[in-house]
>>> print(open('run-v1.txt').read())   # compact mmCIF, C-alpha atoms and all ligand atoms
# COMPACT_ATOMS: atom_id res chain seq x y z
CA MET A 1412 -48.50 31.31 -31.01
CA GLU A 1413 -51.08 32.37 -28.43
CA GLU A 1414 -53.77 33.52 -30.82
CA VAL A 1415 -55.30 32.28 -34.01
CA PRO A 1416 -53.96 34.29 -36.97
CA VAL A 1417 -56.33 35.85 -39.48
CA ILE A 1418 -55.30 35.40 -43.09
CA ASP A 1419 -56.86 37.36 -45.95
CA ILE A 1420 -56.96 34.99 -48.92
CA ALA A 1421 -58.74 37.35 -51.35
CA SER A 1422 -55.73 38.09 -53.57
CA SER A 1423 -54.61 34.45 -53.55
CA LEU A 1424 -58.00 33.61 -55.09
CA THR A 1425 -57.33 35.88 -58.07
CA GLY A 1426 -54.55 33.56 -59.18
CA ASP A 1427 -51.69 35.96 -58.38
CA ALA A 1428 -48.61 33.80 -57.76
CA GLN A 1429 -47.00 36.15 -55.25
CA ALA A 1430 -50.22 36.48 -53.28
CA LYS A 1431 -50.53 32.70 -53.17
CA LYS A 1432 -46.99 32.40 -51.89
CA ARG A 1433 -47.64 34.96 -49.18
CA ALA A 1434 -50.87 33.30 -48.03
CA ALA A 1435 -49.16 29.88 -48.12
CA GLU A 1436 -46.38 31.15 -45.89
CA GLU A 1437 -48.85 32.47 -43.32
CA ILE A 1438 -50.73 29.16 -43.42
CA ARG A 1439 -47.50 27.22 -42.94
CA ARG A 1440 -46.66 29.14 -39.78
CA ALA A 1441 -50.16 28.74 -38.38
CA CYS A 1442 -50.26 25.01 -39.13
CA GLU A 1443 -46.85 24.40 -37.60
CA GLU A 1444 -47.56 26.37 -34.46
CA ILE A 1445 -51.25 26.12 -33.59
CA GLY A 1446 -53.08 24.16 -36.30
CA PHE A 1447 -55.77 26.85 -36.57
CA PHE A 1448 -56.16 29.97 -38.70
CA ALA A 1449 -59.09 32.17 -39.71
CA ILE A 1450 -59.68 33.25 -43.29
CA THR A 1451 -61.29 36.38 -44.67
CA GLY A 1452 -61.75 37.33 -48.33
CA HIS A 1453 -62.92 33.77 -49.10
CA GLY A 1454 -65.77 34.82 -51.39
CA VAL A 1455 -68.55 32.72 -49.79
CA GLN A 1456 -71.71 34.82 -49.51
CA ASP A 1457 -73.34 35.50 -46.14
CA SER A 1458 -76.70 34.66 -47.71
CA GLN A 1459 -75.45 31.12 -48.33
CA ILE A 1460 -74.54 30.73 -44.69
CA ASP A 1461 -77.76 32.32 -43.41
CA LEU A 1462 -79.84 29.99 -45.53
CA VAL A 1463 -78.35 26.82 -44.13
CA LYS A 1464 -78.63 28.13 -40.58
CA LYS A 1465 -82.24 29.15 -41.07
CA GLN A 1466 -83.16 25.69 -42.36
CA ALA A 1467 -81.25 24.01 -39.57
CA HIS A 1468 -82.89 26.14 -36.85
CA ALA A 1469 -86.37 25.42 -38.17
CA PHE A 1470 -85.53 21.71 -38.22
CA PHE A 1471 -84.04 21.62 -34.71
CA ALA A 1472 -87.16 23.38 -33.38
CA ARG A 1473 -89.31 20.44 -34.55
CA PRO A 1474 -90.39 17.67 -32.15
CA LEU A 1475 -87.84 14.94 -31.50
CA GLU A 1476 -90.07 12.28 -33.12
CA PHE A 1477 -89.95 14.19 -36.40
CA LYS A 1478 -86.19 14.73 -36.21
CA GLU A 1479 -85.51 11.09 -35.45
CA LEU A 1480 -87.27 10.04 -38.63
CA SER A 1481 -84.01 10.98 -40.33
CA GLY A 1482 -81.81 9.67 -37.50
CA GLN A 1483 -78.17 8.62 -37.89
CA PRO A 1484 -77.47 5.23 -39.54
CA PRO A 1485 -76.12 2.34 -37.42
CA GLU A 1486 -72.64 2.84 -38.93
CA LYS A 1487 -72.52 6.11 -36.93
CA ILE A 1488 -71.30 8.07 -39.90
CA CYS A 1489 -72.10 11.66 -40.69
CA ARG A 1490 -75.64 11.32 -42.07
CA GLY A 1491 -78.91 12.61 -40.73
CA TYR A 1492 -79.95 13.72 -37.28
CA THR A 1493 -77.99 13.13 -34.06
CA ARG A 1494 -79.90 14.02 -30.91
CA VAL A 1495 -78.55 15.62 -27.73
CA GLY A 1496 -76.85 13.06 -25.55
CA SER A 1497 -75.71 10.66 -28.23
CA ARG A 1498 -72.16 11.83 -28.86
CA ALA A 1499 -69.18 12.60 -26.70
CA PHE A 1500 -66.25 13.95 -28.74
CA ALA A 1501 -63.74 13.22 -25.99
CA TYR A 1502 -64.29 9.46 -26.42
CA SER A 1503 -62.22 9.75 -29.61
CA ILE A 1504 -59.17 10.64 -27.52
CA GLY A 1505 -59.91 7.95 -24.93
CA LYS A 1506 -61.52 10.27 -22.37
CA LYS A 1507 -64.76 9.20 -20.76
CA THR A 1508 -67.11 12.13 -20.26
CA PRO A 1509 -70.86 12.64 -20.01
CA PRO A 1510 -72.41 13.19 -23.46
CA ASP A 1511 -71.88 16.49 -25.22
CA LEU A 1512 -74.65 19.09 -25.12
CA ASN A 1513 -75.47 19.51 -28.77
CA GLU A 1514 -77.64 18.15 -31.55
CA SER A 1515 -76.64 18.10 -35.19
CA TYR A 1516 -77.47 17.15 -38.75
CA GLY A 1517 -74.85 15.66 -41.03
CA MET A 1518 -74.34 14.91 -44.68
CA GLY A 1519 -71.70 13.38 -46.94
CA PRO A 1520 -70.70 13.77 -50.59
CA VAL A 1521 -73.20 15.17 -53.04
CA ASP A 1522 -71.43 13.48 -55.95
CA SER A 1523 -72.25 9.82 -56.43
CA VAL A 1524 -69.85 7.00 -55.65
CA PRO A 1525 -66.88 6.66 -58.04
CA ALA A 1526 -67.31 3.60 -60.30
CA HIS A 1527 -64.32 1.70 -58.87
CA LEU A 1528 -65.77 1.84 -55.33
CA LYS A 1529 -69.19 0.48 -56.26
CA GLY A 1530 -69.99 -2.64 -54.25
CA THR A 1531 -67.01 -2.21 -51.87
CA PRO A 1532 -67.39 -1.48 -48.12
CA ALA A 1533 -66.09 2.04 -48.89
CA GLU A 1534 -69.25 2.74 -50.84
CA ARG A 1535 -71.39 2.43 -47.73
CA LEU A 1536 -69.03 4.24 -45.40
CA PHE A 1537 -68.10 7.18 -47.56
CA PHE A 1538 -70.80 7.46 -50.21
CA MET A 1539 -73.94 6.36 -48.41
CA PRO A 1540 -76.79 8.40 -49.90
CA ASN A 1541 -77.68 11.39 -47.77
CA TYR A 1542 -80.69 11.43 -45.47
CA TRP A 1543 -83.13 14.28 -45.83
CA PRO A 1544 -86.04 15.27 -43.60
CA LYS A 1545 -89.43 14.56 -45.14
CA ASP A 1546 -91.26 17.27 -47.07
CA ILE A 1547 -88.72 20.09 -46.63
CA PRO A 1548 -87.00 20.30 -50.03
CA GLN A 1549 -85.51 23.70 -49.07
CA PHE A 1550 -83.49 21.99 -46.34
CA LYS A 1551 -81.74 19.70 -48.81
CA THR A 1552 -81.15 22.57 -51.25
CA ALA A 1553 -79.60 24.78 -48.56
CA PHE A 1554 -77.31 22.03 -47.24
CA GLU A 1555 -76.21 20.87 -50.68
CA SER A 1556 -75.53 24.34 -51.92
CA TYR A 1557 -73.44 25.19 -48.84
CA TYR A 1558 -71.51 21.93 -49.30
CA ARG A 1559 -70.94 22.83 -52.95
CA SER A 1560 -69.57 26.23 -51.94
CA MET A 1561 -67.06 24.59 -49.60
CA GLU A 1562 -65.63 22.22 -52.22
CA PRO A 1563 -63.73 24.82 -54.30
CA LEU A 1564 -62.68 26.72 -51.15
CA ALA A 1565 -61.20 23.56 -49.64
CA ALA A 1566 -59.46 22.73 -52.94
CA HIS A 1567 -57.98 26.23 -53.04
CA LEU A 1568 -56.72 25.91 -49.47
CA LEU A 1569 -55.17 22.55 -50.26
CA GLY A 1570 -53.41 24.21 -53.17
CA LEU A 1571 -52.00 26.72 -50.69
CA PHE A 1572 -51.08 23.82 -48.37
CA ALA A 1573 -49.10 22.26 -51.23
CA LEU A 1574 -47.23 25.53 -51.82
CA ALA A 1575 -46.63 25.86 -48.09
CA LEU A 1576 -45.04 22.41 -48.15
CA GLY A 1577 -42.80 23.25 -51.11
CA LEU A 1578 -44.77 21.01 -53.45
CA ASP A 1579 -46.36 21.69 -56.78
CA GLU A 1580 -49.57 23.64 -56.21
CA ARG A 1581 -51.52 20.85 -57.90
CA TYR A 1582 -50.02 18.08 -55.72
CA PHE A 1583 -53.25 17.30 -53.88
CA ASP A 1584 -55.55 17.55 -56.91
CA THR A 1585 -55.54 13.88 -57.84
CA ARG A 1586 -55.81 12.95 -54.17
CA ILE A 1587 -58.95 14.99 -53.53
CA ASN A 1588 -60.83 14.89 -56.83
CA GLN A 1589 -63.18 12.21 -55.44
CA HIS A 1590 -63.12 13.58 -51.93
CA THR A 1591 -65.22 12.13 -49.14
CA SER A 1592 -65.90 15.30 -47.17
CA THR A 1593 -68.79 15.62 -44.76
CA MET A 1594 -70.65 18.53 -43.26
CA ARG A 1595 -72.56 19.03 -40.03
CA VAL A 1596 -74.72 21.81 -38.67
CA ILE A 1597 -74.41 21.70 -34.90
CA TYR A 1598 -76.85 23.37 -32.52
CA TYR A 1599 -75.75 23.96 -28.96
CA GLY A 1600 -79.09 24.81 -27.37
CA PRO A 1601 -79.87 26.83 -24.25
CA GLN A 1602 -78.90 24.91 -21.13
CA GLU A 1603 -81.98 24.54 -18.95
CA GLU A 1604 -80.13 22.56 -16.32
CA PRO A 1605 -76.51 23.02 -15.26
CA PRO A 1606 -74.16 20.65 -17.10
CA GLU A 1607 -72.89 17.59 -15.22
CA PRO A 1608 -69.31 17.68 -13.97
CA GLY A 1609 -67.04 17.24 -16.97
CA GLN A 1610 -69.84 17.82 -19.42
CA LEU A 1611 -69.27 20.33 -22.24
CA ARG A 1612 -71.06 21.55 -25.32
CA GLY A 1613 -68.33 19.71 -27.20
CA GLY A 1614 -65.62 17.71 -25.43
CA GLU A 1615 -61.96 18.03 -26.32
CA HIS A 1616 -60.87 16.29 -29.49
CA THR A 1617 -58.90 16.65 -32.66
CA ASP A 1618 -60.57 16.51 -36.06
CA PHE A 1619 -59.91 13.51 -38.18
CA GLY A 1620 -59.64 14.66 -41.78
CA THR A 1621 -57.44 16.99 -43.80
CA LEU A 1622 -59.04 20.36 -43.15
CA THR A 1623 -62.07 21.66 -41.26
CA ILE A 1624 -63.78 24.88 -42.36
CA LEU A 1625 -65.98 26.20 -39.61
CA LYS A 1626 -68.61 28.93 -39.57
CA ALA A 1627 -69.25 29.49 -35.91
CA GLU A 1628 -71.15 32.10 -33.98
CA ASN A 1629 -69.25 34.15 -31.44
CA ALA A 1630 -71.82 33.31 -28.78
CA PRO A 1631 -71.01 32.68 -25.11
CA GLY A 1632 -69.84 29.12 -24.64
CA GLY A 1633 -67.61 28.93 -27.67
CA LEU A 1634 -64.66 27.24 -29.29
CA GLU A 1635 -61.30 26.97 -27.55
CA VAL A 1636 -57.98 25.57 -28.76
CA LYS A 1637 -55.10 24.31 -26.67
CA THR A 1638 -51.85 26.09 -27.47
CA ARG A 1639 -48.47 24.38 -27.43
CA SER A 1640 -47.83 26.00 -24.05
CA GLY A 1641 -50.89 24.22 -22.65
CA ASN A 1642 -53.32 27.15 -22.39
CA TRP A 1643 -56.87 26.93 -23.65
CA ILE A 1644 -57.57 30.08 -25.65
CA ALA A 1645 -60.85 31.27 -27.18
CA VAL A 1646 -61.03 31.06 -30.96
CA LYS A 1647 -62.73 34.27 -31.97
CA ALA A 1648 -63.49 35.04 -35.55
CA GLU A 1649 -64.81 38.27 -36.95
CA PRO A 1650 -68.30 37.90 -38.42
CA GLY A 1651 -67.22 37.44 -42.04
CA ALA A 1652 -64.45 34.93 -41.34
CA PHE A 1653 -64.22 31.16 -41.39
CA VAL A 1654 -62.13 29.36 -38.82
CA CYS A 1655 -59.99 26.62 -40.38
CA ASN A 1656 -58.09 23.89 -38.64
CA ILE A 1657 -56.16 20.93 -39.88
CA GLY A 1658 -57.10 17.38 -38.90
CA ASP A 1659 -55.19 14.20 -38.10
CA ILE A 1660 -54.80 13.23 -41.75
CA MET A 1661 -52.95 16.45 -42.58
CA MET A 1662 -50.79 16.03 -39.49
CA ARG A 1663 -49.91 12.56 -40.70
CA TRP A 1664 -49.36 13.80 -44.24
CA THR A 1665 -46.74 16.22 -42.92
CA ASN A 1666 -45.05 13.64 -40.70
CA ASN A 1667 -46.32 15.49 -37.60
CA HIS A 1668 -44.81 18.83 -38.59
CA TRP A 1669 -48.25 20.37 -38.77
CA ILE A 1670 -50.41 20.04 -35.71
CA SER A 1671 -53.94 18.68 -35.60
CA ASN A 1672 -54.74 20.45 -32.41
CA LEU A 1673 -57.01 19.75 -29.46
CA HIS A 1674 -60.09 21.92 -29.26
CA ARG A 1675 -63.40 21.95 -27.39
CA VAL A 1676 -66.63 23.89 -27.09
CA THR A 1677 -67.20 25.27 -23.60
CA ASN A 1678 -70.44 25.91 -21.74
CA PRO A 1679 -71.85 29.42 -21.45
CA PRO A 1680 -71.66 31.04 -18.00
CA PRO A 1681 -74.86 30.30 -15.98
CA GLU A 1682 -76.26 33.80 -16.46
CA LEU A 1683 -76.04 33.40 -20.25
CA SER A 1684 -77.10 29.76 -20.39
CA ASN A 1685 -80.26 30.68 -22.32
CA ILE A 1686 -78.20 31.63 -25.39
CA GLY A 1687 -77.79 28.98 -28.08
CA ARG A 1688 -74.95 28.71 -30.58
CA THR A 1689 -74.88 27.29 -34.09
CA SER A 1690 -71.92 26.04 -36.09
CA VAL A 1691 -71.74 24.94 -39.69
CA VAL A 1692 -68.79 22.62 -40.09
CA PHE A 1693 -67.28 21.26 -43.30
CA PHE A 1694 -64.86 18.38 -42.75
CA HIS A 1695 -62.68 17.95 -45.79
CA ASN A 1696 -61.41 14.42 -46.40
CA PRO A 1697 -59.36 13.11 -49.33
CA ASN A 1698 -60.20 10.32 -51.80
CA VAL A 1699 -60.71 6.85 -50.33
CA ASP A 1700 -57.57 5.57 -52.06
CA ALA A 1701 -55.36 8.63 -51.55
CA GLU A 1702 -52.10 7.40 -50.13
CA ILE A 1703 -51.16 9.43 -47.06
CA ARG A 1704 -47.40 9.63 -47.10
CA CYS A 1705 -45.00 12.39 -46.35
CA GLU A 1706 -43.16 13.09 -49.60
CA ASN A 1707 -39.43 13.55 -49.52
CA GLY A 1708 -38.81 17.16 -50.18
CA PHE A 1709 -41.12 18.72 -47.70
CA TYR A 1710 -40.65 17.42 -44.23
CA GLY A 1711 -40.03 13.77 -44.96
CA ALA A 1712 -36.28 13.86 -45.26
CA GLU A 1713 -35.32 15.46 -41.98
CA ARG A 1714 -37.29 13.27 -39.60
CA GLU A 1715 -37.81 9.55 -39.57
CA GLU A 1716 -41.17 8.55 -41.01
CA GLN A 1717 -43.65 8.45 -38.15
CA TYR A 1718 -46.28 6.46 -40.05
CA PRO A 1719 -46.19 3.82 -42.74
CA PRO A 1720 -47.77 5.00 -46.00
CA GLU A 1721 -51.42 4.01 -45.87
CA LYS A 1722 -54.57 4.72 -47.82
CA PHE A 1723 -57.05 7.18 -46.36
CA GLY A 1724 -59.90 4.65 -46.46
CA ASP A 1725 -57.89 2.11 -44.43
CA ILE A 1726 -56.86 4.68 -41.83
CA TYR A 1727 -60.48 5.72 -41.42
CA LEU A 1728 -61.70 2.13 -41.05
CA ASN A 1729 -59.10 1.43 -38.43
CA LYS A 1730 -60.02 4.51 -36.44
CA GLN A 1731 -63.70 3.72 -36.69
CA MET A 1732 -63.17 0.22 -35.37
CA LYS A 1733 -61.18 1.54 -32.42
CA SER A 1734 -63.75 4.18 -31.49
CA GLN A 1735 -66.60 1.64 -31.68
CA HIS A 1736 -64.62 -0.64 -29.43
CA MET A 1737 -64.12 2.10 -26.88
CA THR A 1738 -67.79 2.95 -26.79
CA THR A 1739 -69.41 1.36 -23.75
CA ASP A 1740 -72.89 2.58 -24.47
CA ASP A 1741 -74.02 1.85 -27.99
CA LYS A 1742 -75.90 5.12 -28.09
CA LYS A 1743 -72.68 7.07 -27.78
CA THR A 1744 -69.99 7.40 -30.33
CA GLY A 1745 -66.60 8.92 -30.14
CA SER A 1746 -66.15 9.76 -33.75
CA ALA A 1747 -65.21 13.42 -33.70
CA GLY A 1748 -64.62 15.69 -36.58
CA VAL A 1749 -66.41 13.57 -39.14
O1 LIG A 1801 -68.80 24.25 -32.97
C1 LIG A 1801 -67.59 24.47 -32.98
O2 LIG A 1801 -67.15 25.60 -32.80
C2 LIG A 1801 -66.58 23.36 -33.16
C3 LIG A 1801 -67.15 22.02 -33.55
C4 LIG A 1801 -66.10 20.97 -33.68
O3 LIG A 1801 -65.00 21.09 -33.20
C5 LIG A 1801 -66.37 19.73 -34.47
O4 LIG A 1801 -67.52 19.52 -34.85
O5 LIG A 1801 -65.42 18.98 -34.72
FE FE A 1802 -63.65 19.65 -34.07
>>> encode(input="run-v1.txt", output="structure tokens")
Amino acid sequence: MEEVPVIDIASSLTGDAQAKKRAAEEIRRACEEIGFFAITGHGVQDSQIDLVKKQAHAFFARPLEFKELSGQPPEKICRGYTRVGSRAFAYSIGKKTPPDLNESYGMGPVDSVPAHLKGTPAERLFFMPNYWPKDIPQFKTAFESYYRSMEPLAAHLLGLFALALGLDERYFDTRINQHTSTMRVIYYGPQEEPPEPGQLRGGEHTDFGTLTILKAENAPGGLEVKTRSGNWIAVKAEPGAFVCNIGDIMMRWTNNHWISNLHRVTNPPPELSNIGRTSVVFFHNPNVDAEIRCENGFYGAEREEQYPPEKFGDIYLNKQMKSQHMTTDDKKTGSAGV
């Protein structure tokens, strides 16, 4: 597959069983071959998207001192403001690059911590209260309401994933009903100086979770995905679409039959370096104690298990420890797609 397929999910959202089956089949092909697909007919209003972007732009235009008042916590998880120069996505795949040219603002679950996780390390890592900039209540409202609009969309797509895998449509429900998803608005600003060698807006990486739902602008210096034949191709989405890609957890859940694919955000050409780009990214993650194991019946039987069954929270902790270890400069972090 040398392009990202566009899938209209409108009729699958009406509950029609045949339509769900058709959409699931298209998703299965995309996830097996390229790990990316775009969706239209998803029902999320443009006004919702515009609102979050407007708040984010106004925030990013503020002085750095103001932005850093809600700076990222020491755990380097997806909360608060991350300034330009403090992340390099490619670190997460063991590649040392100059820092990525973007700034962002992240948040985690809006729902409070499930009772059984209270007082455990998982509470801090997955359910740390969100950070909000001072005196801009509209910012919090816009972010939370966008996050809320992604929750049912992600659950619907996971239902289609289950069908695509030959499972009961509700298979994932109990594994995502206390999900730990995060969201980030990323601003790739104009580039006043040429990037350093090897420096990108966003270095190559795979996302970590189950599913990423991305609202990106088709601006110069955009998203690219690496196809199985080794080509980097531009991921273009028509204005109303979301780009979706699966993350490492879904790849693991399918015993590597679905691909969590490498992607990156390139620099604009020098003559267009004054044009910024904004992305709103929802990273869907399952429950802390969801066991990630490839069930017999979908792909499990025909290929030896590539991973031992393990809980999502433990996999995440392990990955976090490794990426911290790899980080030579404590201002940089490799955690991508979270
Ligand atoms: O901005 C984009 O288009 C992609 C961002 C991305 O890949 C990520 O945040 O994981
Ligand atoms: Fe990503």
>>> atom_distance(input="run-v1.txt", atom1="CA of Asn1513 in chain A", atom2="CA of Leu1673 in chain A")
18.5 Å
>>> closest_residue(input="run-v1.txt", among="A:Asp1618, A:Glu1721, A:Asp1457, A:Glu1682", to="ligand LIG 1801 (chain A)", atoms="all atoms listed in the file")
A:Asp1618
>>> atom_distance(input="run-v1.txt", atom1="CA of Ala1472 in chain A", atom2="CA of Pro1540 in chain A")
24.6 Å
>>> closest_atom_pairs(input="run-v1.txt", of="chain A", to="ligand LIG 1801 (chain A)", cutoff="8 Å", atoms="only C-alpha atoms and all ligand atoms", output="tab-separated table")
residue	atom	partner	partner_atom	distance
A:Phe1500	CA	A:LIG1801	O5	7.9
A:Arg1595	CA	A:LIG1801	O4	7.2
A:Ile1597	CA	A:LIG1801	O1	6.5
A:Gly1613	CA	A:LIG1801	C3	6.9
A:His1616	CA	A:LIG1801	O3	7.3
A:Thr1617	CA	A:LIG1801	O5	7.2
A:Asp1618	CA	A:LIG1801	O5	5.6
A:Thr1623	CA	A:LIG1801	O5	7.8
A:Leu1625	CA	A:LIG1801	O2	6.9
A:Lys1626	CA	A:LIG1801	O2	7.7
A:Ala1627	CA	A:LIG1801	O2	5.4
A:Glu1628	CA	A:LIG1801	O2	7.7
A:Gly1633	CA	A:LIG1801	O2	6.1
A:Leu1634	CA	A:LIG1801	O2	4.6
A:Glu1635	CA	A:LIG1801	O2	8.0
A:His1674	CA	A:LIG1801	O3	6.3
A:Arg1675	CA	A:LIG1801	O3	6.1
A:Val1676	CA	A:LIG1801	O2	6.0
A:Arg1688	CA	A:LIG1801	O1	8.0
A:Thr1689	CA	A:LIG1801	O1	6.9
A:Ser1690	CA	A:LIG1801	O1	4.8
A:Val1691	CA	A:LIG1801	O1	7.4
A:Val1692	CA	A:LIG1801	O4	6.2
A:Ala1747	CA	A:LIG1801	O5	5.7
A:Gly1748	CA	A:LIG1801	O5	3.9
A:Val1749	CA	A:LIG1801	O5	7.1
>>> write_last_selection(input="run-v1.txt", atoms="C-alpha atoms", output="compact mmCIF listing (two decimals), keeping the file's coordinate frame")
# COMPACT_ATOMS: atom_id res chain seq x y z
CA PHE A 1500 -66.25 13.95 -28.74
CA ARG A 1595 -72.56 19.03 -40.03
CA ILE A 1597 -74.41 21.70 -34.90
CA GLY A 1613 -68.33 19.71 -27.20
CA HIS A 1616 -60.87 16.29 -29.49
CA THR A 1617 -58.90 16.65 -32.66
CA ASP A 1618 -60.57 16.51 -36.06
CA THR A 1623 -62.07 21.66 -41.26
CA LEU A 1625 -65.98 26.20 -39.61
CA LYS A 1626 -68.61 28.93 -39.57
CA ALA A 1627 -69.25 29.49 -35.91
CA GLU A 1628 -71.15 32.10 -33.98
CA GLY A 1633 -67.61 28.93 -27.67
CA LEU A 1634 -64.66 27.24 -29.29
CA GLU A 1635 -61.30 26.97 -27.55
CA HIS A 1674 -60.09 21.92 -29.26
CA ARG A 1675 -63.40 21.95 -27.39
CA VAL A 1676 -66.63 23.89 -27.09
CA ARG A 1688 -74.95 28.71 -30.58
CA THR A 1689 -74.88 27.29 -34.09
CA SER A 1690 -71.92 26.04 -36.09
CA VAL A 1691 -71.74 24.94 -39.69
CA VAL A 1692 -68.79 22.62 -40.09
CA ALA A 1747 -65.21 13.42 -33.70
CA GLY A 1748 -64.62 15.69 -36.58
CA VAL A 1749 -66.41 13.57 -39.14
>>> residues_near_point(input="run-v1.txt", point="(-52.9, 13.0, -38.8)", cutoff="12 Å", atoms="all atoms listed in the file", output="VMD selection string")
chain A and resid 1446 1617 to 1622 1657 to 1672 1696 1703 to 1705 1717 to 1718 1720 to 1721 1723 1726 to 1727 1730
>>> closest_residue(input="run-v1.txt", among="A:Met1412, A:Leu1728, A:Ala1421, A:Val1699", to="Pro1525 in chain A", atoms="only C-alpha atoms")
A:Val1699
>>> residues_around(input="run-v1.txt", residues="Tyr1558 in chain A", least_positions_apart="6", cutoff="12 Å", atoms="only C-alpha atoms", output="ChimeraX atom specification")
/A:1455,1459-1460,1463,1517-1522,1551-1552,1564-1565,1591-1596,1624-1625,1691-1695
>>> write_last_selection(input="run-v1.txt", atoms="C-alpha atoms", output="short mmCIF file (atom, residue, chain, number, x, y, z; two decimals), keeping the file's coordinate frame")
data_model
loop_
_atom_site.label_atom_id
_atom_site.label_comp_id
_atom_site.auth_asym_id
_atom_site.auth_seq_id
_atom_site.Cartn_x
_atom_site.Cartn_y
_atom_site.Cartn_z
CA VAL A 1455 -68.55 32.72 -49.79
CA GLN A 1459 -75.45 31.12 -48.33
CA ILE A 1460 -74.54 30.73 -44.69
CA VAL A 1463 -78.35 26.82 -44.13
CA GLY A 1517 -74.85 15.66 -41.03
CA MET A 1518 -74.34 14.91 -44.68
CA GLY A 1519 -71.70 13.38 -46.94
CA PRO A 1520 -70.70 13.77 -50.59
CA VAL A 1521 -73.20 15.17 -53.04
CA ASP A 1522 -71.43 13.48 -55.95
CA LYS A 1551 -81.74 19.70 -48.81
CA THR A 1552 -81.15 22.57 -51.25
CA LEU A 1564 -62.68 26.72 -51.15
CA ALA A 1565 -61.20 23.56 -49.64
CA THR A 1591 -65.22 12.13 -49.14
CA SER A 1592 -65.90 15.30 -47.17
CA THR A 1593 -68.79 15.62 -44.76
CA MET A 1594 -70.65 18.53 -43.26
CA ARG A 1595 -72.56 19.03 -40.03
CA VAL A 1596 -74.72 21.81 -38.67
CA ILE A 1624 -63.78 24.88 -42.36
CA LEU A 1625 -65.98 26.20 -39.61
CA VAL A 1691 -71.74 24.94 -39.69
CA VAL A 1692 -68.79 22.62 -40.09
CA PHE A 1693 -67.28 21.26 -43.30
CA PHE A 1694 -64.86 18.38 -42.75
CA HIS A 1695 -62.68 17.95 -45.79
#
>>> atom_distance(input="run-v1.txt", atom1="CA of Ala1566 in chain A", atom2="CA of Arg1586 in chain A")
10.5 Å
>>> closest_residue(input="run-v1.txt", among="A:Leu1462, A:Lys1431, A:Val1646, A:Val1417", to="Glu1555 in chain A", atoms="all atoms listed in the file")
A:Leu1462
>>> residues_around(input="run-v1.txt", residues="Thr1508 in chain A", least_positions_apart="4", cutoff="9 Å", atoms="all atoms listed in the file", output="JSON, numbers by chain")
{"A": [1499, 1500, 1501, 1502, 1608, 1609, 1610, 1611, 1614]}
>>> axis_aligned_box(input="run-v1.txt", around="range 1610-1619 of chain A", padding_each_side="4 Å", output="JSON")
{"center_x": -65.0, "center_y": 17.5, "center_z": -28.8, "size_x": 20.2, "size_y": 16.0, "size_z": 26.8}
>>> closest_residue(input="run-v1.txt", among="A:Pro1697, A:Ile1418, A:Tyr1557, A:Arg1490", to="Ala1430 in chain A", atoms="all atoms listed in the file")
A:Ile1418
>>> closest_residue(input="run-v1.txt", among="A:Asn1656, A:Thr1451, A:Ser1481, A:Thr1531", to="ligand FE 1802 (chain A)", atoms="all atoms listed in the file")
A:Asn1656
>>> closest_residue(input="run-v1.txt", among="A:Ala1652, A:Asp1579, A:Glu1716, A:Gly1724", to="Lys1432 in chain A", atoms="all atoms listed in the file")
A:Asp1579
>>> residues_near_point(input="run-v1.txt", point="(-72.1, 17.0, -21.9)", cutoff="6 Å", atoms="only C-alpha atoms", output="PyMOL selection string")
chain A and resi 1509-1512+1610-1612
>>> residues_around(input="run-v1.txt", residues="Phe1550 in chain A", least_positions_apart="2", cutoff="12 Å", atoms="only C-alpha atoms", output="number ranges by chain")
A: 1462-1471, 1491, 1516-1518, 1542-1548, 1552-1557, 1596
>>> residues_around(input="run-v1.txt", residues="Glu1486 in chain A", least_positions_apart="2", cutoff="8 Å", atoms="all atoms listed in the file", output="list in words")
Pro1484, Ile1488 and Leu1536 of chain A
>>> decode(input="run-v1.txt", residues="range 1482-1489 of chain A", atoms="N, CA and C atoms", output="PDB file, in the first residue's frame")
ATOM      1  N   GLY A1482       4.503  24.145  33.057  1.00  0.00           N
ATOM      2  CA  GLY A1482       5.469  23.247  32.391  1.00  0.00           C
ATOM      3  C   GLY A1482       5.289  21.788  32.783  1.00  0.00           C
ATOM      4  N   GLN A1483       5.838  20.920  31.946  1.00  0.00           N
ATOM      5  CA  GLN A1483       5.711  19.458  32.115  1.00  0.00           C
ATOM      6  C   GLN A1483       6.224  18.977  33.484  1.00  0.00           C
ATOM      7  N   PRO A1484       5.571  17.993  34.084  1.00  0.00           N
ATOM      8  CA  PRO A1484       6.068  17.462  35.362  1.00  0.00           C
ATOM      9  C   PRO A1484       7.357  16.663  35.181  1.00  0.00           C
ATOM     10  N   PRO A1485       8.128  16.449  36.272  1.00  0.00           N
ATOM     11  CA  PRO A1485       9.397  15.730  36.158  1.00  0.00           C
ATOM     12  C   PRO A1485       9.242  14.314  35.593  1.00  0.00           C
ATOM     13  N   GLU A1486       8.086  13.711  35.760  1.00  0.00           N
ATOM     14  CA  GLU A1486       7.870  12.349  35.236  1.00  0.00           C
ATOM     15  C   GLU A1486       7.868  12.325  33.705  1.00  0.00           C
ATOM     16  N   LYS A1487       7.890  13.504  33.081  1.00  0.00           N
ATOM     17  CA  LYS A1487       7.883  13.618  31.615  1.00  0.00           C
ATOM     18  C   LYS A1487       6.676  12.908  30.991  1.00  0.00           C
ATOM     19  N   ILE A1488       5.551  13.067  31.641  1.00  0.00           N
ATOM     20  CA  ILE A1488       4.338  12.496  31.047  1.00  0.00           C
ATOM     21  C   ILE A1488       3.560  13.613  30.358  1.00  0.00           C
ATOM     22  N   CYS A1489       2.500  13.234  29.703  1.00  0.00           N
ATOM     23  CA  CYS A1489       1.780  14.181  28.853  1.00  0.00           C
ATOM     24  C   CYS A1489       0.882  15.102  29.691  1.00  0.00           C
TER      25      CYS A1489
END
